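K.L.:
Structure supplied as upload07.json; contents: JSON, C-alpha atoms.
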```json
[["chain", "number", "residue", "atom", "x", "y", "z"],
["A", 26, "MET", "CA", 83.23, 122.33, 55.58],
["A", 27, "SER", "CA", 85.78, 122.38, 58.38],
["A", 28, "ASP", "CA", 87.04, 119.24, 60.07],
["A", 29, "ASN", "CA", 85.03, 118.90, 63.33],
["A", 30, "SER", "CA", 85.87, 115.23, 63.92],
["A", 31, "ASN", "CA", 87.87, 116.01, 67.05],
["A", 32, "LEU", "CA", 85.01, 118.16, 68.37],
["A", 33, "THR", "CA", 82.30, 115.53, 67.78],
["A", 34, "VAL", "CA", 81.48, 113.06, 70.54],
["A", 35, "SER", "CA", 78.55, 110.62, 70.29],
["A", 36, "GLY", "CA", 76.83, 112.68, 67.62],
["A", 37, "PHE", "CA", 77.22, 116.02, 69.44],
["A", 38, "THR", "CA", 79.58, 118.64, 67.99],
["A", 39, "PHE", "CA", 81.06, 120.89, 70.63],
["A", 40, "ALA", "CA", 82.27, 124.46, 70.30],
["A", 41, "ASN", "CA", 85.79, 123.77, 71.57],
["A", 42, "GLU", "CA", 88.21, 120.97, 72.36],
["A", 43, "LYS", "CA", 87.88, 121.44, 76.13],
["A", 44, "ASP", "CA", 84.13, 120.74, 76.03],
["A", 45, "ALA", "CA", 84.68, 117.77, 73.71],
["A", 46, "GLU", "CA", 87.28, 116.33, 76.09],
["A", 47, "MET", "CA", 84.91, 116.81, 79.02],
["A", 48, "ALA", "CA", 82.25, 114.92, 77.02],
["A", 49, "ARG", "CA", 84.71, 112.07, 76.36],
["A", 50, "GLU", "CA", 85.45, 111.82, 80.07],
["A", 51, "GLU", "CA", 81.74, 111.83, 80.81],
["A", 52, "GLU", "CA", 81.23, 109.01, 78.30],
["A", 53, "LYS", "CA", 83.68, 106.94, 80.35],
["A", 54, "LYS", "CA", 81.76, 107.76, 83.54],
["A", 55, "ILE", "CA", 78.47, 106.77, 81.92],
["A", 56, "TYR", "CA", 79.96, 103.49, 80.69],
["A", 57, "TYR", "CA", 81.28, 102.72, 84.20],
["A", 58, "ILE", "CA", 77.95, 103.60, 85.83],
["A", 59, "ARG", "CA", 76.04, 101.45, 83.31],
["A", 60, "THR", "CA", 78.26, 98.44, 84.07],
["A", 61, "LYS", "CA", 77.82, 98.81, 87.84],
["A", 62, "LEU", "CA", 74.15, 99.84, 87.92],
["A", 63, "ASN", "CA", 71.68, 97.11, 88.87],
["A", 64, "MET", "CA", 68.59, 97.95, 86.84],
["A", 65, "ASP", "CA", 66.70, 95.09, 88.55],
["A", 66, "ASN", "CA", 66.71, 97.10, 91.79],
["A", 67, "PRO", "CA", 64.90, 100.42, 91.22],
["A", 68, "GLN", "CA", 65.63, 101.59, 94.78],
["A", 69, "SER", "CA", 69.41, 101.45, 94.22],
["A", 70, "VAL", "CA", 68.96, 103.16, 90.83],
["A", 71, "LEU", "CA", 66.98, 105.92, 92.60],
["A", 72, "VAL", "CA", 69.71, 106.47, 95.20],
["A", 73, "ILE", "CA", 72.46, 106.66, 92.57],
["A", 74, "TYR", "CA", 70.37, 108.86, 90.29],
["A", 75, "ASN", "CA", 69.57, 111.36, 93.05],
["A", 76, "LYS", "CA", 73.24, 111.51, 94.11],
["A", 77, "MET", "CA", 74.35, 112.15, 90.53],
["A", 78, "VAL", "CA", 71.78, 114.94, 90.17],
["A", 79, "LYS", "CA", 72.66, 116.50, 93.53],
["A", 80, "ASN", "CA", 76.43, 116.40, 92.96],
["A", 81, "ARG", "CA", 76.22, 117.36, 89.27],
["A", 82, "VAL", "CA", 78.31, 114.40, 88.21],
["A", 83, "LEU", "CA", 77.10, 114.71, 84.62],
["A", 84, "CYS", "CA", 76.65, 118.00, 82.77],
["A", 85, "THR", "CA", 77.22, 117.46, 79.04],
["A", 86, "PRO", "CA", 74.43, 116.54, 76.59],
["A", 87, "MET", "CA", 75.42, 112.84, 76.82],
["A", 88, "GLY", "CA", 75.17, 113.02, 80.59],
["A", 89, "MET", "CA", 71.81, 114.76, 80.41],
["A", 90, "SER", "CA", 70.58, 112.06, 78.00],
["A", 91, "PHE", "CA", 71.72, 109.34, 80.39],
["A", 92, "LEU", "CA", 70.07, 111.11, 83.34],
["A", 93, "ARG", "CA", 66.89, 111.44, 81.29],
["A", 94, "GLU", "CA", 66.98, 107.72, 80.54],
["A", 95, "LEU", "CA", 67.32, 106.93, 84.26],
["A", 96, "HIS", "CA", 64.60, 109.48, 85.09],
["A", 97, "ASP", "CA", 62.17, 107.84, 82.66],
["A", 98, "PHE", "CA", 63.03, 104.38, 84.04],
["A", 99, "LEU", "CA", 62.34, 105.55, 87.61],
["A", 100, "ILE", "CA", 59.11, 107.37, 86.71],
["A", 101, "ASN", "CA", 57.81, 104.27, 84.92],
["A", 102, "SER", "CA", 58.81, 101.97, 87.79],
["A", 103, "PRO", "CA", 55.80, 101.07, 89.99],
["A", 104, "GLU", "CA", 58.07, 100.62, 93.04],
["A", 105, "ILE", "CA", 59.23, 104.26, 93.05],
["A", 106, "ALA", "CA", 57.07, 107.23, 94.05],
["A", 107, "GLN", "CA", 57.30, 110.00, 91.46],
["A", 108, "GLU", "CA", 57.98, 112.66, 94.11],
["A", 109, "ASP", "CA", 61.15, 110.77, 95.17],
["A", 110, "VAL", "CA", 62.68, 111.22, 91.72],
["A", 111, "SER", "CA", 64.58, 114.52, 91.45],
["A", 112, "SER", "CA", 64.20, 116.59, 88.33],
["A", 113, "ILE", "CA", 67.24, 117.17, 86.16],
["A", 114, "PRO", "CA", 68.54, 120.72, 86.72],
["A", 115, "LEU", "CA", 69.86, 122.71, 83.77],
["A", 116, "TYR", "CA", 72.08, 125.63, 84.63],
["A", 117, "MET", "CA", 72.17, 127.15, 81.17],
["A", 118, "SER", "CA", 70.00, 129.70, 79.44],
["A", 119, "TYR", "CA", 68.89, 128.86, 75.94],
["A", 120, "ASN", "CA", 67.58, 132.35, 75.27],
["A", 121, "SER", "CA", 69.83, 134.66, 73.26],
["A", 122, "GLU", "CA", 69.11, 137.56, 75.63],
["A", 123, "ALA", "CA", 71.59, 138.19, 78.39],
["A", 124, "VAL", "CA", 70.28, 136.78, 81.66],
["A", 125, "GLU", "CA", 71.84, 136.17, 85.00],
["A", 126, "GLU", "CA", 73.13, 132.67, 85.45],
["A", 127, "ALA", "CA", 71.17, 130.43, 87.78],
["A", 128, "PRO", "CA", 72.90, 130.09, 91.13],
["A", 129, "MET", "CA", 74.61, 126.78, 91.59],
["A", 130, "LYS", "CA", 73.16, 125.00, 94.57],
["A", 131, "SER", "CA", 75.60, 122.17, 94.75],
["A", 132, "ARG", "CA", 79.34, 122.05, 94.72],
["A", 133, "ARG", "CA", 81.25, 122.00, 91.48],
["A", 134, "VAL", "CA", 84.68, 120.43, 91.20],
["A", 135, "LYS", "CA", 87.29, 123.12, 90.70],
["A", 136, "PRO", "CA", 90.53, 122.37, 88.93],
["A", 137, "ARG", "CA", 93.38, 121.98, 91.34],
["A", 138, "SER", "CA", 95.92, 124.71, 91.47],
["A", 139, "ILE", "CA", 99.57, 123.81, 91.57],
["A", 140, "ARG", "CA", 100.91, 123.95, 95.10],
["A", 141, "THR", "CA", 104.57, 124.60, 95.74],
["A", 142, "TYR", "CA", 104.64, 123.29, 99.34],
["A", 143, "LYS", "CA", 107.44, 125.77, 100.13],
["A", 144, "ARG", "CA", 105.90, 126.82, 103.45],
["A", 145, "GLU", "CA", 105.32, 123.20, 104.51],
["A", 146, "TYR", "CA", 108.90, 122.34, 103.48],
["A", 147, "ASP", "CA", 110.31, 125.18, 105.61],
["A", 148, "ILE", "CA", 108.20, 124.10, 108.60],
["A", 149, "CYS", "CA", 109.43, 120.52, 108.20],
["A", 150, "ARG", "CA", 113.03, 121.69, 108.11],
["A", 151, "VAL", "CA", 112.56, 123.63, 111.38],
["A", 152, "ILE", "CA", 110.91, 120.62, 113.04],
["A", 153, "ILE", "CA", 113.71, 118.32, 111.88],
["A", 154, "ALA", "CA", 116.33, 120.73, 113.23],
["A", 155, "LEU", "CA", 114.56, 120.82, 116.62],
["A", 156, "LEU", "CA", 114.36, 117.04, 116.74],
["A", 157, "ILE", "CA", 118.08, 116.73, 115.96],
["A", 158, "VAL", "CA", 118.87, 119.17, 118.80],
["A", 159, "CYS", "CA", 116.66, 117.11, 121.14],
["A", 160, "ILE", "CA", 118.43, 113.88, 120.18],
["A", 161, "ILE", "CA", 121.87, 115.44, 120.75],
["A", 162, "ALA", "CA", 120.71, 116.79, 124.13],
["A", 163, "MET", "CA", 119.45, 113.33, 125.13],
["A", 164, "PHE", "CA", 122.79, 111.73, 124.25],
["A", 165, "TYR", "CA", 124.64, 114.43, 126.21],
["A", 166, "ILE", "CA", 122.45, 113.92, 129.27],
["A", 167, "THR", "CA", 122.81, 110.15, 128.98],
["A", 168, "MET", "CA", 126.59, 110.33, 128.81],
["A", 169, "LYS", "CA", 126.87, 112.70, 131.79],
["A", 170, "ALA", "CA", 124.31, 110.91, 134.00],
["A", 171, "ASP", "CA", 125.45, 109.01, 137.11],
["A", 172, "ASN", "CA", 122.90, 106.24, 136.63],
["A", 173, "PRO", "CA", 123.96, 103.25, 134.57],
["A", 174, "ASN", "CA", 122.44, 103.13, 131.12],
["A", 175, "ILE", "CA", 122.98, 101.27, 127.89],
["A", 176, "LEU", "CA", 125.96, 103.42, 126.96],
["A", 177, "ASN", "CA", 127.94, 103.20, 130.22],
["A", 178, "TYR", "CA", 126.55, 100.22, 132.15],
["A", 179, "GLU", "CA", 129.72, 98.11, 131.80],
["A", 180, "THR", "CA", 131.96, 100.85, 133.18],
["A", 181, "ALA", "CA", 129.48, 101.62, 135.97],
["A", 182, "ILE", "CA", 129.31, 97.96, 137.04],
["A", 183, "GLN", "CA", 133.11, 97.60, 136.93],
["A", 184, "ASN", "CA", 133.50, 100.76, 139.04],
["A", 185, "LYS", "CA", 130.90, 99.49, 141.51],
["A", 186, "TYR", "CA", 132.67, 96.16, 141.95],
["A", 187, "ALA", "CA", 136.04, 97.91, 142.16],
["A", 188, "ASP", "CA", 134.65, 100.09, 144.98],
["A", 189, "TRP", "CA", 133.35, 97.00, 146.78],
["A", 190, "ALA", "CA", 136.70, 95.27, 146.38],
["A", 191, "GLN", "CA", 138.50, 98.31, 147.76],
["A", 192, "GLN", "CA", 136.10, 98.55, 150.73],
["A", 193, "LEU", "CA", 136.58, 94.82, 151.43],
["A", 194, "ASN", "CA", 140.37, 95.21, 151.30],
["A", 195, "GLU", "CA", 140.20, 98.18, 153.69],
["A", 196, "LYS", "CA", 137.94, 96.27, 156.13],
["A", 197, "GLU", "CA", 140.20, 93.21, 155.86],
["A", 198, "ALA", "CA", 143.27, 95.33, 156.62],
["A", 199, "GLU", "CA", 141.45, 96.91, 159.57],
["A", 200, "LEU", "CA", 140.45, 93.48, 160.93],
["A", 201, "LYS", "CA", 144.01, 92.18, 160.55],
["A", 202, "ALA", "CA", 145.29, 95.24, 162.41],
["A", 203, "ARG", "CA", 142.83, 94.56, 165.27],
["A", 204, "GLU", "CA", 143.83, 90.88, 165.37],
["A", 205, "ARG", "CA", 147.48, 91.86, 165.66],
["A", 206, "ALA", "CA", 146.66, 94.34, 168.37],
["A", 207, "LEU", "CA", 144.73, 91.67, 170.25],
["A", 208, "ASP", "CA", 147.50, 89.09, 169.77],
["A", 209, "GLU", "CA", 150.07, 91.55, 171.08],
["A", 210, "ALA", "CA", 147.91, 92.34, 174.06],
["A", 211, "GLY", "CA", 147.72, 88.63, 174.80],
["A", 212, "TYR", "CA", 144.21, 87.85, 174.20]]
```
Can you present the structure in this file as structure tokens?
P.N.:
Amino acid sequence: MSDNSNLTVSGFTFANEKDAEMAREEEKKIYYIRTKLNMDNPQSVLVIYNKMVKNRVLCTPMGMSFLRELHDFLINSPEIAQEDVSSIPLYMSYNSEAVEEAPMKSRRVKPRSIRTYKREYDICRVIIALLIVCIIAMFYITMKADNPNILNYETAIQNKYADWAQQLNEKEAELKARERALDEAGY
């Protein structure tokens, strides 16, 4: 007899390690759901049960057993109408003849493919280069602008006061020249 201990999960022996690992993961899901499920409230159990059936959260024999347990609980509950309880869909054929697989009505989680993000990286590099050019252009415009700004306000204010001082000196010299002209004329 071969060693099937790594293929056996909760009394079910699986054909390969991948199925056995999927069953182990599903056992964890069932444990989590059992701890969070409030069996005193059949309405909440119904909502969770129908969502699990619709989204195919459980698909291994352990999951089907758990769904069957919830199904029986809901059917036997006087607060729940039997037509509100979804049946448990099986998407496998147990006949040895070749048959077409039943179409899957709900979404199935696909394994993620490895993304390289090369295209996104190149786009980011182009955007960063454009932003750097914009920043350099803003500094250039700021430095060459005539309006005072944070980079040249001190120089602009000093130049403004220097111009005022020069204009005052020129006006003062002009007034003194007029006074002299008036004093010489005898006024």
K.L.:
Taking into account only C-alpha atoms, which residue in the set A:Tyr212, A:Tyr57, A:Tyr142, A:Phe98 is nearest to Tyr74 in chain A?
P.N.:
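Among the listed residues, A:Phe98 lies closest to Tyr74 in chain A.
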K.L.:
Measuring atom to atom with all atoms listed in the file, identify which of A:Asp208, A:Val82, A:Ala170, A:Ser30 is nearest to Glu42 in chain A.
P.N.:
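When distances to Glu42 in chain A are compared using all atoms listed in the file, the smallest one comes from A:Ser30.
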K.L.:
Need to verify the contact set: Ala45 in chain A, 9 Å, all atoms listed in the file, exclusion of same-chain residues closer than 4 positions in sequence. Can you return it as an mmCIF file with C-alpha atoms, in the frame of the given file?
P.N.:
```
data_model
loop_
_atom_site.group_PDB
_atom_site.id
_atom_site.type_symbol
_atom_site.label_atom_id
_atom_site.label_comp_id
_atom_site.auth_asym_id
_atom_site.auth_seq_id
_atom_site.Cartn_x
_atom_site.Cartn_y
_atom_site.Cartn_z
ATOM 1 C CA ASN A 31 87.870 116.010 67.050
ATOM 2 C CA LEU A 32 85.010 118.160 68.370
ATOM 3 C CA THR A 33 82.300 115.530 67.780
ATOM 4 C CA VAL A 34 81.480 113.060 70.540
ATOM 5 C CA PHE A 37 77.220 116.020 69.440
ATOM 6 C CA THR A 38 79.580 118.640 67.990
ATOM 7 C CA PHE A 39 81.060 120.890 70.630
ATOM 8 C CA ALA A 40 82.270 124.460 70.300
ATOM 9 C CA ASN A 41 85.790 123.770 71.570
ATOM 10 C CA ARG A 49 84.710 112.070 76.360
ATOM 11 C CA GLU A 50 85.450 111.820 80.070
#
```
K.L.:
Provide the CA of Leu71 in chain A to CA of Leu92 in chain A distance in Å, to one decimal place.
P.N.:
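Distance reported for this atom pair: 11.1 Å.
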K.L.:
Kindly give the distance, in Å, that separates CA of Glu104 in chain A and CA of Val72 in chain A, rounded to a single decimal.
P.N.:
13.2 Å
K.L.:
Pick from A:Glu195, A:Glu145, A:Asp109, A:Glu204: nearest to Val70 in chain A, with only C-alpha atoms counted?
P.N.:
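Checking each candidate against Val70 in chain A, we get A:Asp109 as the closest.
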K.L.:
As an exercise, work out the distance from CA of Thr85 in chain A to CA of Glu51 in chain A in Å and give it to one decimal place.
P.N.:
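A separation of 7.4 Å between them.
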K.L.:
Ranking A:Met47, A:Val78, A:Asn172, A:Arg93 by minimum distance to Ser111 in chain A and counting only C-alpha atoms, which one comes first?
P.N.:
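Looking at the shortest contact to Ser111 in chain A, the residue is A:Val78.
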K.L.:
Determine, counting only C-alpha atoms, which protein, DNA and RNA residues have an atom within 9 Å of an atom of range 105-108 of chain A; residues of the same chain fewer than 5 positions away are not included. Present the result as a PyMOL selection string.
P.N.:
chain A and resi 67-68+71+99-100
K.L.:
With C-alpha atoms retained, could you export that selection as a PDB file, in the frame of the given file?
P.N.:
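Output saved as out_36.pdb:
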```pdb
ATOM      1  CA  PRO A  67      64.900 100.420  91.220  1.00  0.00           C
ATOM      2  CA  GLN A  68      65.630 101.590  94.780  1.00  0.00           C
ATOM      3  CA  LEU A  71      66.980 105.920  92.600  1.00  0.00           C
ATOM      4  CA  LEU A  99      62.340 105.550  87.610  1.00  0.00           C
ATOM      5  CA  ILE A 100      59.110 107.370  86.710  1.00  0.00           C
TER       6      ILE A 100
END
```
K.L.:
Please determine the residues with any atom at most 12 Å from (73.2, 112.5, 90.4) (coordinates as given in the file, with all atoms listed in the file counting) and report them as a VMD selection string.
P.N.:
chain A and resid 54 to 55 58 70 to 84 88 to 89 91 to 93 95 to 96 110 to 114 131
